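Coordinates from input_36.txt are shown below (compact mmCIF, C-alpha atoms).
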# COMPACT_ATOMS: atom_id res chain seq x y z
CA MET A 1 -50.61 237.06 275.24
CA THR A 2 -47.87 236.96 272.58
CA PRO A 3 -45.50 239.95 272.89
CA HIS A 4 -46.14 242.53 270.20
CA VAL A 5 -43.42 243.00 267.60
CA ILE A 6 -42.50 246.67 267.62
CA GLU A 7 -41.83 248.17 264.21
CA PRO A 8 -40.38 251.69 264.53
CA ASP A 9 -42.02 254.40 262.42
CA PRO A 10 -40.53 257.76 263.46
CA GLN A 11 -42.26 259.60 260.62
CA ALA A 12 -45.69 258.50 261.83
CA GLY A 13 -44.70 259.45 265.36
CA ALA A 14 -43.70 262.91 264.26
CA ALA A 15 -47.07 263.38 262.55
CA VAL A 16 -48.95 262.28 265.69
CA LYS A 17 -46.87 264.65 267.82
CA ALA A 18 -47.42 267.57 265.42
CA ALA A 19 -51.19 267.07 265.40
CA ASP A 20 -51.23 266.83 269.18
CA ARG A 21 -49.26 270.02 269.63
CA ALA A 22 -51.46 271.85 267.12
CA HIS A 23 -54.85 270.86 268.50
CA VAL A 24 -54.89 268.96 271.84
CA PHE A 25 -55.21 270.96 275.05
CA HIS A 26 -53.70 268.83 277.84
CA SER A 27 -54.91 268.71 281.43
CA TRP A 28 -52.86 270.03 284.37
CA SER A 29 -50.23 271.47 282.01
CA ALA A 30 -48.67 274.68 280.75
CA GLN A 31 -49.32 273.93 277.10
CA GLY A 32 -46.11 275.45 275.76
CA LEU A 33 -43.86 273.62 278.21
CA ILE A 34 -44.87 270.01 277.64
CA ASP A 35 -43.53 267.38 275.28
CA PRO A 36 -45.98 264.44 275.36
CA LEU A 37 -44.71 261.05 274.23
CA ALA A 38 -46.39 259.79 271.06
CA VAL A 39 -47.59 256.27 271.89
CA ALA A 40 -47.82 253.74 269.10
CA GLY A 41 -49.43 250.89 271.02
CA ALA A 42 -49.83 249.01 274.28
CA GLU A 43 -50.34 245.43 275.42
CA GLY A 44 -50.47 243.88 278.86
CA SER A 45 -48.10 245.74 281.20
CA TYR A 46 -46.19 247.51 278.41
CA PHE A 47 -46.54 250.32 275.91
CA TRP A 48 -44.20 251.59 273.20
CA ASP A 49 -43.49 254.68 271.13
CA TYR A 50 -42.93 255.17 267.40
CA ASP A 51 -39.17 255.03 267.79
CA GLY A 52 -39.35 251.45 269.04
CA ASN A 53 -38.82 252.21 272.73
CA ARG A 54 -40.78 249.85 274.98
CA TYR A 55 -41.75 250.76 278.54
CA LEU A 56 -42.96 248.71 281.49
CA ASP A 57 -45.86 250.79 282.77
CA PHE A 58 -45.55 251.18 286.54
CA THR A 59 -48.39 253.75 286.47
CA SER A 60 -51.22 251.60 285.03
CA GLY A 61 -52.18 254.61 282.91
CA LEU A 62 -53.45 256.80 285.72
CA VAL A 63 -53.74 253.83 288.07
CA TYR A 64 -56.65 252.33 286.14
CA THR A 65 -55.47 249.63 283.71
CA ASN A 66 -55.93 247.00 286.42
CA ILE A 67 -55.97 244.15 283.91
CA GLY A 68 -53.37 245.74 281.63
CA TYR A 69 -53.78 247.06 278.12
CA GLN A 70 -55.79 245.39 275.36
CA HIS A 71 -57.04 242.34 277.23
CA PRO A 72 -58.56 240.28 274.39
CA ARG A 73 -61.70 239.24 276.29
CA VAL A 74 -62.61 242.82 277.17
CA VAL A 75 -61.82 244.08 273.68
CA ALA A 76 -64.06 241.34 272.27
CA ALA A 77 -66.86 242.23 274.70
CA ILE A 78 -66.77 245.86 273.59
CA GLN A 79 -66.84 244.80 269.93
CA GLU A 80 -69.77 242.44 270.52
CA GLN A 81 -71.73 245.09 272.41
CA ALA A 82 -71.06 247.64 269.66
CA ALA A 83 -72.56 245.25 267.14
CA LYS A 84 -75.60 244.65 269.35
CA LEU A 85 -76.40 248.07 270.88
CA THR A 86 -73.84 250.85 270.97
CA THR A 87 -75.77 253.27 273.17
CA PHE A 88 -79.11 253.90 274.82
CA ALA A 89 -80.54 256.52 277.15
CA PRO A 90 -80.13 255.94 280.90
CA ALA A 91 -83.86 255.92 281.70
CA PHE A 92 -84.29 252.46 280.18
CA ALA A 93 -83.49 249.00 281.52
CA ILE A 94 -80.65 247.57 279.44
CA ASP A 95 -79.35 244.04 280.00
CA VAL A 96 -75.65 244.86 280.13
CA ARG A 97 -76.24 247.86 282.39
CA SER A 98 -78.23 245.75 284.84
CA GLU A 99 -75.59 243.01 284.78
CA ALA A 100 -72.75 245.45 285.44
CA ALA A 101 -74.66 246.89 288.40
CA ARG A 102 -75.37 243.40 289.76
CA LEU A 103 -71.74 242.30 289.51
CA ILE A 104 -70.50 245.46 291.22
CA ALA A 105 -73.13 245.28 293.98
CA GLU A 106 -72.18 241.64 294.67
CA ARG A 107 -68.64 242.77 295.49
CA THR A 108 -69.24 245.93 297.47
CA PRO A 109 -69.32 245.56 301.28
CA GLY A 110 -72.48 245.59 303.35
CA ASP A 111 -75.74 246.75 301.77
CA LEU A 112 -74.23 248.97 299.08
CA ASP A 113 -76.54 247.35 296.57
CA LYS A 114 -77.79 250.21 294.40
CA ILE A 115 -75.46 251.57 291.72
CA PHE A 116 -75.64 255.04 290.17
CA PHE A 117 -73.42 255.12 287.09
CA THR A 118 -71.31 258.09 286.07
CA ASN A 119 -68.66 258.69 283.42
CA GLY A 120 -65.76 258.71 285.87
CA GLY A 121 -64.53 259.18 289.41
CA ALA A 122 -64.95 262.95 289.76
CA GLU A 123 -68.61 262.73 288.74
CA ALA A 124 -69.04 259.87 291.19
CA VAL A 125 -67.75 262.08 294.01
CA GLU A 126 -69.91 264.96 292.80
CA ASN A 127 -73.05 262.84 292.99
CA ALA A 128 -72.14 261.11 296.25
CA VAL A 129 -71.84 264.50 297.92
CA ARG A 130 -75.13 265.62 296.41
CA MET A 131 -76.84 262.50 297.72
CA ALA A 132 -75.39 263.01 301.20
CA ARG A 133 -76.52 266.63 301.33
CA LEU A 134 -80.03 265.80 300.15
CA HIS A 135 -80.32 262.82 302.49
CA THR A 136 -79.24 264.77 305.58
CA GLY A 137 -80.51 268.23 304.71
CA ARG A 138 -77.08 269.56 305.70
CA THR A 139 -74.42 271.35 303.67
CA LYS A 140 -70.86 270.94 304.94
CA VAL A 141 -68.55 268.15 303.85
CA LEU A 142 -65.30 267.26 305.62
CA SER A 143 -62.31 266.06 303.58
CA ALA A 144 -58.63 265.45 304.28
CA TYR A 145 -55.75 267.70 303.28
CA ARG A 146 -53.76 264.85 301.73
CA SER A 147 -56.36 263.78 299.20
CA TYR A 148 -57.48 263.91 295.60
CA HIS A 149 -61.13 263.51 294.62
CA GLY A 150 -61.36 264.81 291.03
CA ALA A 151 -61.59 267.96 288.96
CA THR A 152 -65.29 268.81 288.75
CA SER A 153 -66.48 271.81 290.77
CA THR A 154 -67.32 270.02 294.03
CA ALA A 155 -64.65 267.33 293.69
CA ILE A 156 -61.82 269.82 293.21
CA ASN A 157 -62.96 271.80 296.24
CA LEU A 158 -62.89 268.59 298.27
CA THR A 159 -59.37 267.82 297.05
CA GLY A 160 -56.51 268.51 299.45
CA ASP A 161 -53.54 268.86 297.09
CA PRO A 162 -52.30 272.01 295.28
CA ARG A 163 -54.31 271.33 292.15
CA ARG A 164 -57.26 272.70 294.14
CA TRP A 165 -55.79 276.14 294.75
CA ALA A 166 -56.58 277.79 291.42
CA SER A 167 -60.23 276.71 291.60
CA ASP A 168 -60.83 277.03 295.34
CA ASN A 169 -63.67 279.51 295.49
CA GLY A 170 -64.64 278.68 299.08
CA SER A 171 -68.30 278.26 298.17
CA ALA A 172 -68.64 274.50 298.29
CA GLY A 173 -69.13 274.12 302.05
CA VAL A 174 -65.91 272.14 302.43
CA VAL A 175 -63.96 271.85 305.69
CA ARG A 176 -60.58 270.11 305.67
CA PHE A 177 -58.90 268.12 308.42
CA TRP A 178 -55.71 266.12 308.94
CA ALA A 179 -56.02 262.40 308.34
CA PRO A 180 -53.43 260.04 309.89
CA PHE A 181 -49.95 259.74 308.36
CA LEU A 182 -47.45 258.51 310.91
CA TYR A 183 -44.31 259.11 308.81
CA ARG A 184 -45.10 262.84 308.70
CA SER A 185 -47.46 262.97 311.67
CA PRO A 186 -49.24 266.28 312.32
CA PHE A 187 -50.03 264.92 315.79
CA TYR A 188 -46.47 264.25 317.05
CA ALA A 189 -47.35 260.57 317.32
CA THR A 190 -44.69 257.89 317.59
CA THR A 191 -46.85 254.77 317.12
CA GLU A 192 -49.73 253.78 314.88
CA ALA A 193 -52.01 253.55 317.91
CA GLU A 194 -51.16 257.13 318.94
CA GLU A 195 -51.60 258.39 315.38
CA SER A 196 -55.00 256.75 315.05
CA ALA A 197 -56.28 257.96 318.43
CA ARG A 198 -55.02 261.53 317.96
CA ALA A 199 -56.32 261.76 314.39
CA LEU A 200 -59.75 260.63 315.53
CA GLN A 201 -59.75 263.16 318.37
CA HIS A 202 -58.74 265.90 315.93
CA LEU A 203 -61.58 264.91 313.61
CA GLU A 204 -64.13 264.92 316.41
CA ASP A 205 -62.84 268.29 317.64
CA THR A 206 -63.21 269.67 314.11
CA ILE A 207 -66.80 268.43 313.99
CA ALA A 208 -67.53 270.00 317.37
CA PHE A 209 -66.26 273.41 316.29
CA GLU A 210 -67.95 273.28 312.88
CA GLY A 211 -71.29 272.17 314.39
CA PRO A 212 -72.27 268.51 314.01
CA ALA A 213 -75.75 269.41 312.79
CA THR A 214 -74.26 271.30 309.84
CA ILE A 215 -72.17 268.42 308.47
CA ALA A 216 -73.61 266.20 305.74
CA ALA A 217 -70.66 263.92 305.04
CA ILE A 218 -67.08 262.95 305.68
CA ILE A 219 -65.27 261.77 302.56
CA LEU A 220 -62.02 259.83 302.69
CA GLU A 221 -60.03 257.84 300.19
CA THR A 222 -59.89 254.42 301.85
CA VAL A 223 -56.19 254.36 301.03
CA PRO A 224 -55.18 257.79 299.69
CA GLY A 225 -53.72 257.39 296.20
CA THR A 226 -52.09 260.31 294.43
CA ALA A 227 -51.43 262.00 297.79
CA GLY A 228 -49.06 259.25 298.84
CA ILE A 229 -50.61 255.77 299.37
CA MET A 230 -50.87 256.23 303.12
CA THR A 231 -52.48 253.10 304.55
CA PRO A 232 -54.61 254.18 307.53
CA PRO A 233 -53.51 252.80 310.90
CA PRO A 234 -55.56 250.05 312.57
CA GLY A 235 -58.78 251.34 314.07
CA TYR A 236 -58.87 254.67 312.24
CA LEU A 237 -61.55 253.98 309.62
CA ALA A 238 -63.63 252.08 312.17
CA GLY A 239 -63.33 255.11 314.42
CA VAL A 240 -64.51 257.42 311.64
CA ARG A 241 -67.47 255.09 311.10
CA GLU A 242 -68.38 255.41 314.80
CA ILE A 243 -68.09 259.20 314.69
CA CYS A 244 -70.34 259.38 311.64
CA ASP A 245 -72.93 257.18 313.34
CA LYS A 246 -72.75 259.29 316.50
CA TYR A 247 -73.56 262.56 314.68
CA GLY A 248 -75.73 261.30 311.82
CA ILE A 249 -73.05 262.09 309.23
CA VAL A 250 -72.86 260.19 305.94
CA PHE A 251 -69.57 258.29 305.58
CA VAL A 252 -68.28 258.32 302.00
CA LEU A 253 -65.32 256.18 300.96
CA ASP A 254 -63.61 257.11 297.70
CA GLU A 255 -62.40 253.86 296.11
CA VAL A 256 -61.85 255.32 292.64
CA MET A 257 -58.16 254.41 292.74
CA ALA A 258 -57.99 251.79 295.51
CA GLY A 259 -60.91 249.67 294.29
CA PHE A 260 -61.21 246.65 292.01
CA GLY A 261 -58.21 244.65 293.12
CA ARG A 262 -55.62 247.38 293.51
CA THR A 263 -54.93 246.63 297.19
CA GLY A 264 -55.30 242.86 296.91
CA LYS A 265 -59.02 242.93 297.76
CA TRP A 266 -61.98 243.83 295.56
CA PHE A 267 -62.28 247.00 297.64
CA ALA A 268 -59.77 248.41 300.11
CA ALA A 269 -62.51 248.77 302.74
CA GLU A 270 -62.37 244.99 303.17
CA HIS A 271 -58.91 245.31 304.77
CA PHE A 272 -60.41 247.43 307.55
CA ASP A 273 -63.80 245.74 308.07
CA VAL A 274 -65.58 249.01 307.42
CA VAL A 275 -68.80 249.63 305.49
CA PRO A 276 -69.44 253.21 304.34
CA ASP A 277 -72.82 254.68 303.47
CA LEU A 278 -71.69 255.62 299.97
CA MET A 279 -68.73 254.35 297.97
CA THR A 280 -67.38 255.91 294.79
CA PHE A 281 -65.63 253.87 292.10
CA ALA A 282 -64.27 254.20 288.56
CA LYS A 283 -60.90 253.38 286.92
CA GLY A 284 -60.39 249.66 287.58
CA VAL A 285 -64.10 248.80 287.21
CA ASN A 286 -63.38 248.20 283.53
CA SER A 287 -59.65 248.94 283.39
CA GLY A 288 -60.44 252.31 281.82
CA TYR A 289 -61.26 250.77 278.44
CA VAL A 290 -64.42 252.90 278.16
CA PRO A 291 -65.03 255.71 280.70
CA LEU A 292 -67.17 254.53 283.61
CA GLY A 293 -67.61 255.38 287.27
CA GLY A 294 -70.32 255.26 289.85
CA VAL A 295 -71.66 255.47 293.37
CA ALA A 296 -72.61 252.39 295.39
CA ILE A 297 -75.49 253.40 297.68
CA ASN A 298 -76.75 251.81 300.89
CA ALA A 299 -80.39 250.95 301.52
CA GLU A 300 -81.15 253.92 303.79
CA ILE A 301 -79.90 256.57 301.39
CA ALA A 302 -81.43 254.81 298.39
CA ALA A 303 -84.80 254.83 300.20
CA THR A 304 -84.61 258.64 300.47
CA PHE A 305 -85.25 258.74 296.74
CA ASP A 306 -87.97 256.07 296.53
CA LYS A 307 -90.74 258.68 296.30
CA ARG A 308 -88.60 261.77 295.93
CA PRO A 309 -86.82 262.21 292.57
CA TYR A 310 -83.06 262.29 292.69
CA PRO A 311 -82.13 265.63 291.07
CA GLY A 312 -79.13 264.44 289.09
CA GLY A 313 -78.26 262.49 285.99
CA LEU A 314 -75.90 262.10 283.07
CA THR A 315 -76.59 261.54 279.39
CA TYR A 316 -74.19 258.61 279.27
CA SER A 317 -74.94 257.10 282.68
CA GLY A 318 -74.47 253.35 282.38
CA HIS A 319 -73.32 253.56 278.76
CA PRO A 320 -73.71 250.10 277.20
CA LEU A 321 -70.15 249.94 275.83
CA ALA A 322 -68.70 250.94 279.20
CA CYS A 323 -70.92 248.47 281.05
CA ALA A 324 -70.00 245.67 278.65
CA ALA A 325 -66.36 246.41 279.39
CA ALA A 326 -67.11 246.32 283.13
CA VAL A 327 -68.91 242.97 282.92
CA ALA A 328 -66.04 241.45 280.94
CA THR A 329 -63.40 242.96 283.23
CA ILE A 330 -65.02 241.61 286.40
CA GLN A 331 -65.38 238.19 284.79
CA VAL A 332 -61.72 238.24 283.72
CA MET A 333 -60.66 239.25 287.22
CA GLU A 334 -62.61 236.33 288.66
CA ASP A 335 -61.49 233.73 286.11
CA GLU A 336 -57.84 234.77 286.09
CA LYS A 337 -57.65 235.41 289.85
CA VAL A 338 -56.42 238.95 289.28
CA VAL A 339 -57.29 240.14 292.81
CA GLU A 340 -55.42 237.20 294.30
CA ASN A 341 -52.46 237.96 292.02
CA ALA A 342 -52.34 241.57 293.23
CA ALA A 343 -52.23 240.35 296.83
CA HIS A 344 -49.51 237.81 296.01
CA ILE A 345 -47.33 240.29 294.11
CA GLY A 346 -47.60 242.79 296.93
CA GLU A 347 -46.80 240.35 299.69
CA ASN A 348 -44.08 238.33 297.97
CA VAL A 349 -42.49 240.51 295.28
CA LEU A 350 -43.15 244.26 295.42
CA GLY A 351 -43.28 244.68 299.19
CA PRO A 352 -40.07 242.74 299.95
CA GLY A 353 -38.35 244.12 296.84
CA LEU A 354 -39.11 247.75 297.63
CA ARG A 355 -38.04 247.34 301.25
CA GLU A 356 -34.77 245.80 300.05
CA LEU A 357 -34.20 248.81 297.81
CA ALA A 358 -34.84 251.09 300.80
CA GLU A 359 -32.07 249.36 302.74
CA ARG A 360 -29.53 250.20 300.03
CA HIS A 361 -30.68 253.64 298.86
CA PRO A 362 -30.38 256.59 301.28
CA SER A 363 -32.92 258.54 299.19
CA VAL A 364 -35.73 256.20 300.30
CA GLY A 365 -37.26 257.43 303.54
CA GLU A 366 -40.24 255.11 303.75
CA VAL A 367 -41.87 252.27 301.83
CA ARG A 368 -45.63 251.85 302.28
CA GLY A 369 -48.48 250.10 300.54
CA MET A 370 -50.28 246.83 299.84
CA GLY A 371 -51.23 244.78 296.80
CA VAL A 372 -49.99 246.61 293.72
CA PHE A 373 -50.37 249.99 295.42
CA TRP A 374 -47.02 251.20 296.82
CA ALA A 375 -45.16 254.45 297.41
CA LEU A 376 -41.54 255.32 298.04
CA ASP A 377 -41.15 258.55 300.02
CA LEU A 378 -37.89 260.04 298.74
CA VAL A 379 -35.89 262.23 301.10
CA LYS A 380 -32.72 264.31 301.28
CA ASN A 381 -31.98 263.05 304.76
CA ARG A 382 -33.43 259.98 306.43
CA GLU A 383 -32.91 261.37 309.92
CA THR A 384 -34.74 264.66 309.34
CA ARG A 385 -37.12 263.17 306.74
CA GLU A 386 -36.72 266.31 304.62
CA PRO A 387 -38.39 265.58 301.28
CA LEU A 388 -36.10 265.21 298.27
CA VAL A 389 -37.87 268.22 296.72
CA PRO A 390 -40.04 270.90 298.37
CA TYR A 391 -43.83 270.57 298.50
CA ASN A 392 -45.35 271.31 295.08
CA ALA A 393 -41.88 271.94 293.61
CA ALA A 394 -41.52 272.99 289.96
CA GLY A 395 -38.70 273.89 287.61
CA GLU A 396 -35.21 273.78 289.07
CA ALA A 397 -36.53 273.02 292.55
CA ASN A 398 -37.92 269.76 291.17
CA ALA A 399 -34.70 268.78 289.36
CA PRO A 400 -33.87 265.77 291.60
CA MET A 401 -37.23 264.12 290.94
CA ALA A 402 -37.02 264.97 287.24
CA ALA A 403 -33.60 263.32 287.10
CA PHE A 404 -34.98 260.24 288.86
CA GLY A 405 -37.87 260.01 286.39
CA ALA A 406 -35.58 260.39 283.37
CA ALA A 407 -33.31 257.64 284.69
CA ALA A 408 -36.28 255.28 285.13
CA LYS A 409 -37.44 255.89 281.55
CA LYS A 410 -33.90 255.37 280.25
CA ASN A 411 -34.05 251.93 281.85
CA GLY A 412 -37.38 251.06 280.21
CA LEU A 413 -39.67 251.88 283.16
CA TRP A 414 -42.43 254.48 282.99
CA PRO A 415 -42.66 255.72 286.60
CA PHE A 416 -45.45 257.38 288.57
CA VAL A 417 -43.84 260.49 290.03
CA ASN A 418 -45.65 262.95 292.28
CA MET A 419 -43.88 265.58 294.39
CA ASN A 420 -41.16 263.74 296.37
CA ARG A 421 -42.57 260.29 295.75
CA THR A 422 -42.57 257.54 293.21
CA HIS A 423 -45.42 255.06 293.26
CA ALA A 424 -45.16 251.43 292.18
CA VAL A 425 -48.64 250.82 290.77
CA PRO A 426 -48.43 248.26 287.95
CA ALA A 427 -51.38 246.33 286.57
CA CYS A 428 -53.08 244.00 289.05
CA ASN A 429 -52.24 241.07 286.75
CA VAL A 430 -48.55 241.99 286.51
CA THR A 431 -46.35 238.90 286.54
CA GLU A 432 -43.56 238.18 289.02
CA ALA A 433 -41.01 238.60 286.22
CA GLU A 434 -42.44 241.97 285.22
CA ALA A 435 -42.53 243.19 288.82
CA LYS A 436 -38.88 242.18 289.26
CA GLU A 437 -38.01 243.95 286.02
CA GLY A 438 -39.60 247.08 287.44
CA LEU A 439 -37.69 246.73 290.70
CA ALA A 440 -34.39 246.48 288.80
CA ALA A 441 -35.17 249.65 286.86
CA LEU A 442 -36.14 251.44 290.08
CA ASP A 443 -32.85 250.30 291.63
CA ALA A 444 -30.90 252.05 288.89
CA ALA A 445 -33.04 255.19 288.99
CA LEU A 446 -32.78 255.49 292.78
CA SER A 447 -29.01 255.69 292.41
CA VAL A 448 -29.62 259.00 290.66
CA ALA A 449 -31.90 260.16 293.50
CA ASP A 450 -29.19 259.15 295.97
CA GLU A 451 -26.90 261.79 294.46
CA HIS A 452 -29.15 264.48 295.90
CA THR A 453 -29.11 263.22 299.50
CA ALA A 454 -27.21 264.85 302.31

Spit out the file's structure as structure tokens when you get a sec.
Amino acid sequence: MTPHVIEPDPQAGAAVKAADRAHVFHSWSAQGLIDPLAVAGAEGSYFWDYDGNRYLDFTSGLVYTNIGYQHPRVVAAIQEQAAKLTTFAPAFAIDVRSEAARLIAERTPGDLDKIFFTNGGAEAVENAVRMARLHTGRTKVLSAYRSYHGATSTAINLTGDPRRWASDNGSAGVVRFWAPFLYRSPFYATTEAEESARALQHLEDTIAFEGPATIAAIILETVPGTAGIMTPPPGYLAGVREICDKYGIVFVLDEVMAGFGRTGKWFAAEHFDVVPDLMTFAKGVNSGYVPLGGVAINAEIAATFDKRPYPGGLTYSGHPLACAAAVATIQVMEDEKVVENAAHIGENVLGPGLRELAERHPSVGEVRGMGVFWALDLVKNRETREPLVPYNAAGEANAPMAAFGAAAKKNGLWPFVNMNRTHAVPACNVTEAEAKEGLAALDAALSVADEHTA
């Protein structure tokens, strides 16, 4: 792809910003305190503003542009589908919808061969939980504290981070537990084996005290994303699978962020040889070009609704434009070996590069991740592991992380910053040169974070 020539147009940018501030209500924001960047365009791993500033996107949008921005084959597929059939109701069999479902089912583990399409990840979680409850006849769902599952009513109640608090009405039948995280272990573990064993015992104890016969599902992000990219220790997910089988609980893996190449496999579950009963997806399925998500369903749960209607649906389920984008994206990922590239970049560029940065920067407490899915846990003190900013910090308390983020942007890198962490989550087809460019910008920005260490 030929690099786009950026032609600054500050006047146009000012008009876009003015219209945004007058009419757009932004998510997760105090409307009067934000100053959104006016974006003029994007291509590949980069985007730029109207002043001519170009940024390497180490966020992949919201961790969804897995094949980068404006891939010509996917753009063409959307255009061709728009000319053929822009939309059609979900009750009909449509060629591109069927093909998208087939391609997804071919790549999901085990017998997750039926696909229920949604408009995004939160709706996928919403429907997966509904399916589990109807299949089991039970109500409760267990989810982890360090998690994010979406912003619809059920999904936000399942979420473990502070964005849940304002909407936590306690009526969704949700019970939370601690999933493993050795760096900040709630179980006083010192090894991965201890962390895994103790986390599994804690989960089984929670089930015992809640009543196994009341629990419909356990939902886990295969590799938690926004909460910190905490790769589960060996044996943990397999242990959860065994617990679910023991008590007749539906095992739901949320692959909305970790799926479609992000971890160097089509789905992160492949790293752990685990097959869930339901798997949610979205984001990378079509690189976010047209909103699409879904639930991959195993044979047993699908059979529950062979003669019994499934009481759920969406007007735009399996939207033809979104499905055309998914078909093209999956084909691009196959032809251009995007999944293999993500694995290569993680193993040979990002992983070693981030660990080298950690050796030189006292603000980096831990590096963790795989593929193009990495987190740096930033700390005030490596010995005590005190986070660089307090949990859910805002305003002045968050100044060190704000300074880090500003320094990254000054160096042409758009960073993913959440609480005391920065995540390195570029496109799955990021090049070695681009990844190294991002590492250099992180190096400079971490020097600013270092100023706040003890």

Within 9 Å of range 436-440 of chain A, counting all atoms listed in the file, which residues qualify if same-chain residues fewer than 2 places away don't, as a compact mmCIF listing (two decimals) with C-alpha atoms, keeping the file's coordinate frame?
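Generated file (around.txt):
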# COMPACT_ATOMS: atom_id res chain seq x y z
CA LEU A 56 -42.96 248.71 281.49
CA ASP A 57 -45.86 250.79 282.77
CA PHE A 58 -45.55 251.18 286.54
CA VAL A 349 -42.49 240.51 295.28
CA LEU A 350 -43.15 244.26 295.42
CA GLY A 353 -38.35 244.12 296.84
CA LEU A 354 -39.11 247.75 297.63
CA LEU A 357 -34.20 248.81 297.81
CA ASN A 411 -34.05 251.93 281.85
CA GLY A 412 -37.38 251.06 280.21
CA LEU A 413 -39.67 251.88 283.16
CA ALA A 424 -45.16 251.43 292.18
CA PRO A 426 -48.43 248.26 287.95
CA THR A 431 -46.35 238.90 286.54
CA GLU A 432 -43.56 238.18 289.02
CA ALA A 433 -41.01 238.60 286.22
CA GLU A 434 -42.44 241.97 285.22
CA LEU A 442 -36.14 251.44 290.08
CA ASP A 443 -32.85 250.30 291.63
CA ALA A 444 -30.90 252.05 288.89
CA ALA A 445 -33.04 255.19 288.99

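Put simply, CA of Glu270 in chain A is 16.2 Å away from CA of Gly346 in chain A.
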
Do you know which residues are at most 6 Å from range 321-325 of chain A counting all atoms listed in the file, after dropping those on the same chain fewer than 5 positions away, and could you put them as a ChimeraX atom specification? /A:74,78,96-97,100,286,290,292

Each residue of range 127-195 of chain A lying at most 8 Å from range 215-222 of chain A should get a row with its shortest atom-to-atom pair and the distance in Å to one decimal, counting all atoms listed in the file; could you produce that, ordered by chain and increasing number, as a tab-separated table?
residue	atom	partner	partner_atom	distance
A:Val129	CA	A:Ala217	CA	7.2
A:Ala132	CA	A:Ala216	CA	5.8
A:Arg133	CA	A:Ala216	CA	5.3
A:Thr136	CA	A:Ala216	CA	5.8
A:Gly137	CA	A:Ala216	CA	7.3
A:Arg138	CA	A:Ala216	CA	4.8
A:Thr139	CA	A:Ala216	CA	5.6
A:Lys140	CA	A:Ile215	CA	4.5
A:Val141	CA	A:Ala217	CA	4.9
A:Leu142	CA	A:Ile218	CA	4.7
A:Ser143	CA	A:Ile219	CA	5.3
A:Ala144	CA	A:Leu220	CA	6.8
A:Ser147	CA	A:Glu221	CA	7.1

Which of these, A:Thr152, A:Thr108, A:Ser363, A:Thr59, has the shortest distance to Val285 in chain A once you count all atoms listed in the file? A:Thr108

Mind checking which residues fall within 10 Å of Phe305 in chain A, counting all atoms listed in the file, ignoring those fewer than 6 positions away in the same chain, and posting them as a ChimeraX atom specification? /A:131,134-135,311

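Comparing the minimum interatomic distances between Trp374 in chain A and each of A:Pro90, A:Gly225, A:Pro162, A:Gly294, counting all atoms listed in the file, we find that A:Gly225 sits nearest.
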
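Relative to CA of Leu62 in chain A, CA of Val5 in chain A is found at 24.9 Å.
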
Find, counting only C-alpha atoms, the residue in A:Asp335, A:Phe47, A:Lys84, A:Arg368 that gets nearest to Pro224 in chain A. A:Arg368

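Using only C-alpha atoms, the contacts of Glu383 in chain A at a cut-off of 12 Å, with sequence neighbours closer than 6 positions omitted, comprise A:Tyr183, A:Pro362, A:Ser363, A:Val364, A:Gly365, A:Glu366, A:Thr453, A:Ala454.
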
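Interatomic distance, CA of Tyr50 in chain A to CA of Ala19 in chain A: 14.6 Å.
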
Select from range 301-401 of chain A every residue with an atom at most 9 Å from any atom of range 226-236 of chain A, then for each give the shortest pair of atoms and their distance in Å to one decimal, using all atoms listed in the file, rows by chain and rising number, as CSV.
residue,atom,partner,partner_atom,distance
A:Arg368,CA,A:Met230,CA,6.9
A:Gly369,CA,A:Ile229,CA,6.2
A:Met370,CA,A:Thr231,CA,8.1
A:Phe373,CA,A:Ile229,CA,7.0
A:Trp374,CA,A:Ile229,CA,6.3
A:Ala375,CA,A:Ile229,CA,5.9
A:Leu376,CA,A:Gly228,CA,8.5
A:Asp377,CA,A:Gly228,CA,8.0

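Distances here use only C-alpha atoms; by that measure, the residue among A:Val250, A:Ala38, A:His452, A:Ala208 closest to Asn381 in chain A is A:His452.
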
Taking 2 positions as the minimum chain separation for residues in the same chain, which residues sit within 9 Å of range 384-401 of chain A when counting only C-alpha atoms? Answer as an MDAnalysis selection string. chainID A and resid 161:162 183:184 363 365 377:382 403:406 417:422 448:449 451:453
